[in-house]
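K.L.:
Mind having a look at this structure? Questions to follow.
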Amino acid sequence: MMTAVAAPLATFETGSGRLPPRARTSTDAAVVNLNGQWQFRWSPTAGQPAGFQNEGFDDSGWDEIAVPGHWQLQGYGAPAYTNVRYPFPVEPPFVADENPTGDYRRWFDLDRGFDEAVLRFDGVDSAFTVWCNGIELGWSTGSRLTSEFAVGGLLRPGRNLVAVRAHQWSSASYLEDQDMWWLSGIFRDVSLIERPAGGLGDVFVSADYDAETGAGTLTVRTDGAATLSCAELGLVSVPAGEAIPIPDVQPWTAETPRLYRLALASAGERTELRVGFRRISTEDGQFRVNGRPVLLRGVNRHEWHPERGRVMDAETMLADVRLMKQHNINAVRTSHYPPHPDFLELCDEYGLWVVLECDLETHGFEPNGWRNNPSDDPRWLPAYLDRIERTVERDKNHPSIIMWSLGNESGSGQNLAAMADWVHRRDPSRPVHYEGDQNSEYVDVYSRMYASHAEVEAIGKGLEPAAATEQADRHRRGLPFVQCEYAHAMGNGPGGLTEYQQLFENYPRLMGGFVWEWIDHGISQRTPEGTEYFGYGGDFGEELSDGNFVLDGLAFADRTPSPGLIELKKVFEPLRIGFSAEGIRIENHRDFAATDDLRWSWQVTDEGLPVSAGELDVPAIPAGASTLVGYPAAAPSESSGECWLTVRAELRSATGWAEAGHELGWAQHRLSAPTQPPAPVAGAVPVRRPELADFDPLTGRLLRLGDLALLGPRLDLWRAPTDNDRGEHGEPLEPVWRALGLHRMRHRTVAIEVEAQAITVRSRVAPASIDAGFAVCYRWTALPEAGLRLAVEVVPDGDWPVPLPRLGLLLRLPAAISTLEWFGCGPGEAYADSHAAVRIGRYRLGIDELQTPYAYPQENGNRRGVRWARLTDEHGDGLLVTAEPTIELTARRWTSNDLDAARHPTDLRPRDAVYLNLDFAQTGLGTASCGPGVLPEHQLLARPVSFAVCLVPVAG
Ligand code: IPT
């Protein structure tokens with residue numbers, strides 16, 4: 001019988017043969033990059049015979065696979081998504097026999113041997129054994145942690161072989177239950193690194209900054225003797241290891257990421273360190289950097305690429321940093337594991353505050369009542385300590401890291417407390433975060449996720465309920481508060497961002513938070529016709545799956561900013577521009593940087609058309625200060641329409657993360673109200689006809705208006721539920737809506753009253769099976785010029801226990817209608833609790849461009865504050881809608897029920913019509929997909945309402 005070679009798969013041990021963790025530094029030591037094509041063999045179980053690691057083994061029948069890469073995304077096995085549940089029986093430390101296993105082999109050439117060298121794996125998911133030239137080096141776990149093995153003596157000039165066996169499941173999987181795809185294999189870099197005699201060993205930089213004096217203290221500890229030099233700081237071959245006072249230094253902050261380049265040299269090795277001076281502290285219950293309170297405008301970032309999964313490349317990481325900075329994001333929580341190490345280099349360089357989280361989550365014990373949770377089981381203590389040590393040691397020299405986070409959703413217990421204790425001893429310069437420590441007994445910040453606005457406000461006021469013990473309560477009341485996750489960005493949303501930001505800005509104890517999450521983890525797929533869409537849980541034949549809960553990002557999987565990200569940019573804007581009789585008040589809400597990088601401009605528009613524009617002279621405003629500037633003498637003297645002043649702030653010159661002219665802030669102010677009804681749109685003339693319209697004699701529905709055939713407006717209350725309406729982990733509205741029958745309303749015509757200049761249609765609208773409904777009165781009158789005015793009164797009767805999705809009119813227009821031009825808020829979609837980012841203007845978009853392609857189809861594309869809208873075909877013929885004063889509007893080529901039924905955007909097929917909703921209102925979005933629902937002020941409750949629109953046929 002042959003013996004199987006596998007890393008011990010049912011053990012509390014974390015590996016063997018691994019070298020002690022050390023800081024990531026690239027030095028002048030030789031490096032051989034072992035990324036590339038490796039020979040690969042996949043097996044559905046762990047039990048393949050040994051022997052493949054030997055040099056003589058014949059791998060000619062094997063495939064090739066890209067390293068770094070996940071095997072499931074290269075044709076072996078399939079991705080699987082669960083949020084909380086383990087996809088194997090919960091009986092720690094055992095895993096099932098179905099344990100997909102990948103065997104890897106790679107030959108590489110060396111022109112010389114190395115006396116001392118290490119083989120470094122930056123990430124292998126989940127447990128693996130490694131051999132060099134047939135000899136076992138050891139095995140390791142910790143998927144997102146570095147493993148180094150000593151290999152020196154085994155190497156020789158010429159051909160060398162590295163072989164790896166990696167298993168999808170191991171006891172370590174119990175500690176890696178993050179809400180993401182289960183994806184396996186060697187997914188980060190592999191390198192061979194020479195360790196020269198007299199090398200640097202581990203390097204630990206401490207660069208403290210005293211804001212009172214402006215002085216820095218630099219201490220660089222190395223394993224062996226070394227010297228430091230830095231011309232800028234006047235250091236010439238200063239012995240490392242001692243605290244070096246630096247009288248005058250420029251501090252590092254995320255807004256001013258000042259790095260000093262230091263040369264560090266030992267007898268056998270040299271490196272360049274990028275050092276940022278800063279001090280983190282908590283004073284008066286406030287989180288501070290360099291003595292000043294900072295507000296974290298953060299996001300949770302998983303690593304994601306729609307084709308390569310968690311395999312990151314330089315371009316993708318830079319794209320994330322640039323996009324974040326461009327959208328006024330200043331902080332990242334590396335949910336829920338240490339990222340690719342180069343990401344942190346970018347955070348240091350471009351400036352982002354980082355909460356660096358350990359690779360730890362045991363969430364799947366929660367549905368099992370937290371029984372046997374490793375967090376409180378002493379047998380797992382070494383594994384917990386191993387993980388935090390490898391986390392802190394690798395990344396400890398990054399100025400961008402301002403807190404260590406022990407992990408995510410792992411319950412509580414003595415092993416977490418021991419991790420915190422270890423960090424406090426090893427790196428007292430940074431606070432420890434862990435949300436699951438609900439009494440905040442062993443952490444340095446009070447953290448919650450998805451707390452409602454009301455709860456955040458209570459905490460801001462110091463009015464939170466008491467912690468479990470008096471001691472914990474006293475400790476926690478002195479801590480700053482962070483929302484490590486909030487505003488779940490799943491599907492259409494999040495709603496309520498503005499209100500959270502107001503709280504963060506109002507209460508000094510609140511240090512801001514991290515929106516969940518940065519990017520959708522959609523997997524790029526194609527229909528048989530070749531159209532791309534993004535796959536989610538359940539699309540890969542999984543036995544257990546949590547569906548589209550994996551699509552909850554501010555960016556779509558291909559990094560297209562979603563409307564939620566555009567909204568967040570505005571809400572996070574570190575400038576406030578206010579208009580009053582005195583003038584324009586501009587506040588700089590940055591924590592450190594003045595505004596001398598910005599240039600300011602203004603523009604006046606009349607009914608959306610530019611009238612005048614110019615530069616605005618704004619002096620540089622220090623952080624936290626404000627200034628008042630006068631209005632530009634710009635208002636048009638004669639105007640019939642609505643005039644608006646827009647003030648904008650943009651980058652004066654290019655930075656590493658954005659072009660010159662990139663807009664960072666803006667505000668609008670209405671200069672004049674319309675004095676006349678809105679002008680019909682330039683170029684289009686109203687169609688005048690004596691026999692203006694046809695109505696259906698039985699239902700009173702409008703069937704024709706001028707030359708335009710249509711199916712006229714009637715009451716609509718339904719929208720394709722959003723993920724937040726479904727509210728899986730919050731307050732769901734959708735099941736109540738569906739039970740009521742809002743998606744299948746019936747219309748009964750009660751009366752049609754015809755007068756000389758008016759038609760009144762009365763009807764009752766209600767769903768089958770219940771006795772509640774809506775009495776609707778549609779009153780049509782002819783306009784003097786052309787067209788019709790429709791006044792609508794809606795009076796609910798009976799019990800409507802929840803907010804309504806929408807209340808308005810639905811009408812069907814010919815499919816030839818292809819363009820919407822409107823004056824109102826735009827250009828993007830907006831909802832009652834998510835409209836900070838839209839501005840008043842005149843916009844023109846194709847019907848297809850109005851749709852937001854959420855990877856899981858749902859209500860989208862709503863335009864708010866619409867004063868008038870013109871829907872036309874390619875000849876300019878169509879319909880002009882004017883509102884009194886505004887409406888919300890959606891136009892699409894499918895119905896709300898089509899949208900509701902679709903599972904991917906590719907399921908949506910245009911019908912032979914354009915469906916136009918003209919709404920009195922829609923209810924807001926909220927974030928009930930995980931968290932609180934729509935705030936009361938943004939809910940559309942059933943109550944009597946009246947509104948009116950004018951419909952005018954137009955010709956091009
Ligand atoms: C929270 C998790 O921390 C995060 O990983 C993600 O799953 C998020 O929810 C939802 O997308 S835990 C939740 C039970 C509040």
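Chains: A, B, ... in order of the structure tokens. Residues: from 1 per chain. Ligands: from 1, in order shown.
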Go through region 242-356 of chain A and collect every residue that DSSP, computed from the backbone, puts in strand (DSSP E or B); the answer should be as an MDAnalysis selection string.

P.N.:
chainID A and resid 244:246 252 257 260:266 270:275 280:283 286:289 292:293 296:300 305 309 331:333 353:356

K.L.:
For the residues in that selection, give me C-alpha atoms as a CSV table (one decimal), in the first residue's frame.

P.N.:
chain,number,residue,atom,x,y,z
A,244,ILE,CA,17.2,58.8,17.1
A,245,PRO,CA,15.7,62.2,17.9
A,246,ILE,CA,14.8,64.2,14.8
A,252,TRP,CA,2.7,61.2,7.7
A,257,PRO,CA,1.5,61.0,3.1
A,260,TYR,CA,11.2,59.6,4.1
A,261,ARG,CA,13.5,57.2,2.3
A,262,LEU,CA,16.1,55.6,4.5
A,263,ALA,CA,18.9,53.4,3.6
A,264,LEU,CA,19.4,50.5,6.0
A,265,ALA,CA,22.5,48.4,5.7
A,266,SER,CA,24.0,45.4,7.5
A,270,ARG,CA,20.9,46.6,2.1
A,271,THR,CA,17.4,47.9,1.8
A,272,GLU,CA,15.5,51.1,1.4
A,273,LEU,CA,12.8,51.8,4.0
A,274,ARG,CA,9.9,54.3,3.4
A,275,VAL,CA,9.2,55.7,6.8
A,280,ILE,CA,-1.9,57.4,17.3
A,281,SER,CA,-3.6,58.1,20.5
A,282,THR,CA,-6.9,58.2,22.3
A,283,GLU,CA,-7.5,61.3,24.2
A,286,GLN,CA,-11.4,60.5,20.7
A,287,PHE,CA,-9.3,58.7,18.2
A,288,ARG,CA,-6.4,60.9,17.2
A,289,VAL,CA,-3.4,60.9,14.9
A,292,ARG,CA,-5.8,65.7,16.1
A,293,PRO,CA,-9.1,63.8,15.9
A,296,LEU,CA,-12.5,57.7,9.1
A,297,ARG,CA,-14.4,57.8,5.8
A,298,GLY,CA,-13.8,54.2,5.1
A,299,VAL,CA,-14.7,51.1,3.2
A,300,ASN,CA,-14.2,47.4,3.8
A,305,HIS,CA,-11.0,40.5,-9.5
A,309,GLY,CA,-10.8,36.0,-7.8
A,331,ALA,CA,-9.7,54.7,5.1
A,332,VAL,CA,-9.7,50.9,4.4
A,333,ARG,CA,-10.4,48.0,6.7
A,353,TRP,CA,-5.7,55.0,6.9
A,354,VAL,CA,-5.7,51.3,7.2
A,355,VAL,CA,-7.3,49.0,9.8
A,356,LEU,CA,-5.3,45.8,9.1

K.L.:
Taking only C-alpha atoms and all ligand atoms and a cut-off of 8 Å, can you tell me which residues surround ligand 1, written as a VMD selection string?

P.N.:
chain A and resid 83 to 84 178 to 180 335 to 336 408 to 409 449 to 450 485 488 490 516 to 517 549 to 550 552 729 930 to 931

K.L.:
Got time to write the residues from that selection, C-alpha atoms, as a CSV table (one decimal), in the first residue's frame?

P.N.:
chain,number,residue,atom,x,y,z
A,83,ASN,CA,-21.7,33.7,3.8
A,84,VAL,CA,-21.7,32.2,7.3
A,178,GLN,CA,-15.1,34.8,5.8
A,179,ASP,CA,-18.2,35.9,3.8
A,180,MET,CA,-16.7,35.2,0.3
A,335,SER,CA,-11.7,42.8,5.6
A,336,HIS,CA,-11.1,40.1,6.7
A,408,ASN,CA,-14.1,39.2,12.2
A,409,GLU,CA,-17.2,37.5,13.5
A,449,MET,CA,-21.5,46.8,12.8
A,450,TYR,CA,-24.8,47.9,11.2
A,485,GLU,CA,-19.2,47.9,9.0
A,488,HIS,CA,-24.5,47.5,3.4
A,490,MET,CA,-25.9,45.4,-1.7
A,516,TRP,CA,-19.7,47.4,3.7
A,517,GLU,CA,-18.2,46.8,1.2
A,549,PHE,CA,-25.3,38.2,-0.9
A,550,VAL,CA,-21.8,38.1,-2.4
A,552,ASP,CA,-22.7,44.0,-2.0
A,729,HIS,CA,-30.8,40.5,7.5
A,930,CYS,CA,-28.0,43.8,6.4
A,931,GLY,CA,-28.9,46.5,8.8

K.L.:
So, with only C-alpha atoms as the atoms that count, which of A:His875, A:Arg870, A:Arg159, A:Arg120 lies closest to Leu145 (chain A)?

P.N.:
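For Leu145 (chain A), the nearest of the candidates is A:Arg120.
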
K.L.:
Mind checking which residues fall within 9 Å of Gly285 (chain A), counting only C-alpha atoms, ignoring those fewer than 3 positions away in the same chain, and posting them as JSON, numbers by chain?

P.N.:
{"A": [282, 477, 478, 479, 480, 481, 508, 509]}

K.L.:
In Å, with one decimal, what is the gap from CA of Glu91 (chain A) to CA of Phe365 (chain A)?

P.N.:
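If I compute the distance from CA of Glu91 (chain A) to CA of Phe365 (chain A), I get 10.1 Å.
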